[in-house]
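Notes for the one structure printed next.
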Amino acid sequence: MQRHTFGDGDRDLLFVLGWGNRPGHEPVDWLLDGFVDDGWTVHAVVVPENGTDFARDYREPLTAIRDDVQPDACGAHSLGGLALAHVPGDDPRVYSSPFWGVHA
């Protein structure tokens with residue numbers, strides 16, 4: 001799992017990208033830039049595309065990142081939403097087109 005940090009706002013946002021999404025893709029940059037422009041420091045997480053063990057490849061590394069960032073809020077898209085839904089935390093969360101089709 002890769003974490004990329006953008007901006008230097010007063011609030012921290014952990015945003016978990018969907019399958020195959022990366023910073024540098026035009027729609028991803030558009031979204032992340034919008035958060036930065038609104039005063040967030042964005043910690044964008046790129047998830048593995050071919051994980052074979054949900055806990056090892058998604059939940060555990062994402063939990064460690066969340067614990068390190070201690071975000072003010074979290075957001076996620078697609079596969080990132082599925083992974084984030086299994087990470088403990090009481091931070092506010094928004095899921096965009098979450099991929100609920102796999103049970104972990």
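Every chain in the structure tokens has a letter given in the order shown (A, B, ...), and although residue numbers restart at 1 in each chain, ligands are simply numbered from 1 in the order shown.
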
Counting only C-alpha atoms, what is within 7 Å of Arg93 of chain A, bar same-chain residues fewer than 5 positions away, as a short mmCIF file (atom, residue, chain, number, x, y, z; two decimals) with C-alpha atoms, in the first residue's frame?
```cif
data_model
loop_
_atom_site.label_atom_id
_atom_site.label_comp_id
_atom_site.auth_asym_id
_atom_site.auth_seq_id
_atom_site.Cartn_x
_atom_site.Cartn_y
_atom_site.Cartn_z
CA ALA A 73 -12.04 12.53 8.30
CA CYS A 74 -11.77 9.66 5.83
CA GLY A 75 -13.07 9.12 2.33
#
```

Next item on the list: Based on DSSP run over this structure's backbone, return all residues of chain A in alpha helix (DSSP H), as a ChimeraX atom specification.
Entry: /A:26-37,54,60-69,79-85

Check: Between A:Thr5, A:Asn50, A:Ser78, A:Ser96, which has the minimum distance to Asp33 of chain A (counting only C-alpha atoms)?
Finding: A:Thr5

Surrounding residues of Ile65 of chain A excluding itself and chain neighbours under 2 positions, 12 Å, only C-alpha atoms, as a short mmCIF file (atom, residue, chain, number, x, y, z; two decimals) with C-alpha atoms, in the first residue's frame:
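around-v2.cif, written as the output of this step:
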```
data_model
loop_
_atom_site.label_atom_id
_atom_site.label_comp_id
_atom_site.auth_asym_id
_atom_site.auth_seq_id
_atom_site.Cartn_x
_atom_site.Cartn_y
_atom_site.Cartn_z
CA MET A 1 0.00 0.00 0.00
CA GLN A 2 1.38 3.39 -0.97
CA ARG A 3 0.56 6.69 0.73
CA HIS A 4 1.00 10.03 -1.04
CA THR A 5 0.56 13.31 0.83
CA LEU A 13 -8.06 13.66 5.23
CA LEU A 14 -7.27 10.00 4.61
CA PHE A 15 -8.60 9.12 1.15
CA VAL A 16 -8.39 5.51 -0.04
CA HIS A 43 -3.16 11.39 2.50
CA ALA A 44 -4.09 9.43 -0.62
CA VAL A 45 -3.69 5.66 -0.35
CA VAL A 46 -3.18 3.43 -3.37
CA VAL A 47 -4.47 -0.10 -2.71
CA TYR A 58 -5.77 -4.41 2.80
CA ARG A 59 -7.12 -4.17 6.36
CA GLU A 60 -3.88 -4.41 8.36
CA PRO A 61 -1.76 -1.98 6.29
CA LEU A 62 -4.64 0.49 5.99
CA THR A 63 -5.25 0.31 9.75
CA ASP A 67 -3.39 5.04 13.07
CA ASP A 68 -0.32 6.97 11.85
CA VAL A 69 -2.29 9.78 10.17
CA GLN A 70 -5.03 10.05 12.83
CA PRO A 71 -7.25 11.80 10.27
CA CYS A 74 -11.77 9.66 5.83
CA LEU A 84 -11.81 1.33 4.75
CA VAL A 87 -10.69 -0.40 9.48
CA PRO A 88 -11.62 0.59 13.04
CA GLY A 89 -12.00 4.25 13.88
#
```

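Proximity of A:Gly9, A:Gly24, A:Pro48, A:Gly18 to Val36 of chain A, computed with only C-alpha atoms, is greatest for A:Gly9.
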
Next item on the list: Write down as a VMD selection string the residues of chain A whose backbone DSSP state falls under strand (DSSP E or B).
Entry: chain A and resid 2 to 6 11 to 16 23 25 40 to 46 73 to 77 93 to 96

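Going from atom CA of Leu31 of chain A to atom CA of Asp57 of chain A covers 25.0 Å.
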
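Closest to His77 of chain A among A:Pro92, A:Gly7, A:Gly20, A:Gly34 is A:Gly20, based on only C-alpha atoms.
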
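One distance worth recording is that between atom CA of Leu79 of chain A and atom CA of Asp91 of chain A, which is 19.0 Å.
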
Item checked: Arg11 of chain A surroundings by only C-alpha atoms, 7 Å radius, close-in-sequence under 3 positions cut, as number ranges by chain -> A: 39-41, 72

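One distance worth recording is that between atom CA of Pro98 of chain A and atom CA of Leu82 of chain A, which is 6.1 Å.
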
Check: From the set A:Asp8, A:Gly80, A:Asp53, A:Phe99, which residue has the shortest atom-to-atom contact distance to Asp37 of chain A, counting only C-alpha atoms?
Finding: A:Asp8
